[in-house]
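Structure record follows, encoded as structure tokens.
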Amino acid sequence: MESTADSGLIEVQQIGAFMSNIASALTQLARVRDPQGRAALALGVTDICVAKPLTNRTQPLANDILLSLAHKVEESVRIKMASQLADCDWAPKGIVRFLAFDAPSVAADIIRKSQVLEAEDLIELAETGRREHRLLIAGREHIGIGVSDAVAARAETEVIERLVRNTTARLSNTTIQICADVAKTSADLSRELLDREDIPPSIVDSLTRQISKAVHDQVEQHFDLEPDQLAELGDNASTSLPAENDDELARGLVEKLAAKGELNGTVAVRALTDGKFLLFDYSIAYLCSLDVEQWRSAIGMSSMRATALACRAARIDKTLFPSVVRGLQKSGRIQDDLPTEAMVSAAKVFQKFTPGSAHDALRRLAQSV
């Protein structure tokens with residue numbers, strides 16, 4: 001006697017023959033009642049669908065068959081179906097959409113890879129699905145503004161973190177603001193948001209300020225400083241301490257940060273935007289492998305070029321360059337009424353120089369004094 005599992009395998013072999021008659025096909029499906037038979041049939045029909053594009057006449061039938069089976073097979077089978085269909089550009093839309101709205105374990109491959117899903121499908125799933133669905137959508141490559149808006153709308157921290165890290169996703173200003181609001185509680189997320197190239201200057205400034213506060217607090221905590229001790233570095237021209245003590249404190253802080261592996265371009269920028277000009281000088285000089293006097297000579301010789309070269313040599317992201325310029329303008333080292341061409345010329349340093357060649361050019365500039 002033929003087993004029901006064998007019956008399922010026979011149905012797989014015969015599926016191409018009866019695909020022309022939907023009523024007959026669905027009748028045949030109803031006879032396959034055991035789990036193994038249904039699983040074999042579901043995966044067999046999936047194989048047929050992904051092997052080559054179906055005709056306009058057979059694709060709706062295949063879609064109906066797969067939908068009927070997907071409602072009856074176990075989750076493990078649906079995961080296998082989704083894995084196969086995710087890479088198939090001609091997979092039937094109905095079954096792809098059904099699996100996308102299924103449990104996240106089933107939907108994962110479909111959401112990540114299927115090109116059959118359209119923006120409208122992803123938006124609906126983001127709005128009606130679970131947080132896990134939104135996490136998957138947030139990591140999908142090349143999602144548009146409408147999709148990212150829907151994903152970010154609930155301001156879920158994990159979802160926002162994944163969306164921020166997805167540099168292929170397009171973000172609207174509204175979504176960027178949501179990301180910035182979530183980042184207020186996370187200095188790491190703020191830094192990752194600043195690494196994106198689509199962040200408007202207003203957001204860059206606010207993120208820089210809030211990370212400045214975090215770095216300020218971190219430095220005080222690490223080195224057991226009094227609340228006003230770090231502030232003494234804020235205005236190196238008018239401080240009440242002798243100049244050599246100012247330099248000594250700034251140099252010591254930078255050396256300690258470097259020894260702990262915590263000194264980087266972000267810390268230098270935060271010091272500058274927080275008005276800690278001495279701390280910035282020693283940080284940027286250390287990061288560029290210069291003496292602080294060499295750095296000061298270079299910026300005195302050509303303020304904009306030296307600033308751009310230093311940022312490149314210290315691997316400071318170009319999105320932070322305007323903040324560095326504004327900080328140095330506040331310190332009186334760069335003129336306030338810069339001509340547009342000066343900013344454009346300096347910005348080109350990021351395209352023309354590697355960190356190594358920028359360091360060499362900065363050193364030559366310092367030595368030309």
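Ligands are numbered from 1 in the order shown, chains are lettered A, B, ... in the order of the structure tokens, and residues start at 1 in each chain.
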- From a DSSP calculation on the backbone, collect every residue of range 94-300 of chain A in helix (DSSP H, G or I) and output the set as a ChimeraX atom specification. /A:94-100,104-113,119-128,131-138,145-152,157-165,173-183,187-194,201-223,230-233,243-259,265-273,277-287,292-300
List every residue of range 271-366 of chain A that has an atom at most 7 Å from any atom of range 244-255 of chain A, giving for each one its closest atom pair and the distance in Å to one decimal, counting only C-alpha atoms, sorted by chain and then by ascending residue number, as CSV.
residue,atom,partner,partner_atom,distance
A:Leu278,CA,A:Ala250,CA,6.2
A:Leu279,CA,A:Ala250,CA,5.1
A:Tyr282,CA,A:Arg251,CA,6.0
A:Ser283,CA,A:Val254,CA,5.9
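Pairwise distance (CA of Val159 in chain A, CA of Leu135 in chain A) equals 5.0 Å.
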- Task: Choose the residue, out of A:Val349, A:Ile176, A:Leu125, A:Met304, that has the smallest atom-to-atom separation from Ala103 in chain A; count only C-alpha atoms.
- Result: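 Ranked by minimum distance to Ala103 in chain A, first place goes to A:Leu125.
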- Item | Polymer residues at most 10 Å from Asn63 in chain A, only C-alpha atoms, same-chain spacing of 5 or more positions, as a list in words |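 Near neighbours after the sequence-gap exclusion: Val45, Thr46, Cys49, Thr58, Ser68, Leu69, Ala91, Pro92, Lys93, Gly94, Ile95 and Val96 of chain A.
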Please build the interface table for range 104-192 of chain A against range 260-277 of chain A with a cut-off of 12 Å, listing for each qualifying residue the nearest atom pair and the distance in Å to one decimal; count only C-alpha atoms, order rows by chain and increasing number, and write it as a tab-separated table.
residue	atom	partner	partner_atom	distance
A:Ala187	CA	A:Thr266	CA	10.9
A:Asp188	CA	A:Thr266	CA	10.9
A:Ser190	CA	A:Thr266	CA	10.8
A:Arg191	CA	A:Thr266	CA	7.9
A:Glu192	CA	A:Thr266	CA	10.9
Store the residues picked out above, limited to C-alpha atoms, as a CSV table (one decimal), in the first residue's frame.
chain,number,residue,atom,x,y,z
A,187,ALA,CA,27.2,58.4,23.6
A,188,ASP,CA,28.1,55.3,21.5
A,190,SER,CA,25.5,59.4,19.1
A,191,ARG,CA,29.0,58.7,17.7
A,192,GLU,CA,27.6,56.2,15.2
- Message: Need to verify the contact set: Ala314 in chain A, 6 Å, only C-alpha atoms, exclusion of same-chain residues closer than 2 positions in sequence. Can you return it as a PyMOL selection string?
- Response: chain A and resi 265+287-288+310-312+316
Using N, CA and C atoms, can you write the selected residues to a file as a CSV table (one decimal), in the first residue's frame?
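Output file again.csv follows:
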chain,number,residue,atom,x,y,z
A,265,GLY,N,39.8,61.1,17.6
A,265,GLY,CA,39.4,62.3,17.1
A,265,GLY,C,38.1,62.8,17.7
A,287,LEU,N,47.4,63.1,18.3
A,287,LEU,CA,46.8,62.2,17.3
A,287,LEU,C,47.5,62.4,16.0
A,288,CYS,N,48.1,63.6,15.7
A,288,CYS,CA,48.8,63.8,14.5
A,288,CYS,C,50.3,63.6,14.6
A,310,ALA,N,44.9,68.4,9.8
A,310,ALA,CA,44.9,67.8,11.1
A,310,ALA,C,43.7,66.9,11.3
A,311,CYS,N,42.6,67.3,10.8
A,311,CYS,CA,41.4,66.4,10.9
A,311,CYS,C,41.5,65.1,10.1
A,312,ARG,N,42.1,65.3,8.9
A,312,ARG,CA,42.3,64.1,8.1
A,312,ARG,C,43.4,63.2,8.8
A,316,ILE,N,39.5,62.3,11.8
A,316,ILE,CA,38.2,62.9,12.2
A,316,ILE,C,37.3,62.9,11.0
- Task: Tell me, as a VMD selection string, which residues lie within 8 Å of Ala138 in chain A, counting only C-alpha atoms; anything in the same chain fewer than 3 positions away does not count.
- Result: chain A and resid 134 to 135 148 151 159 to 160 162 to 163 166
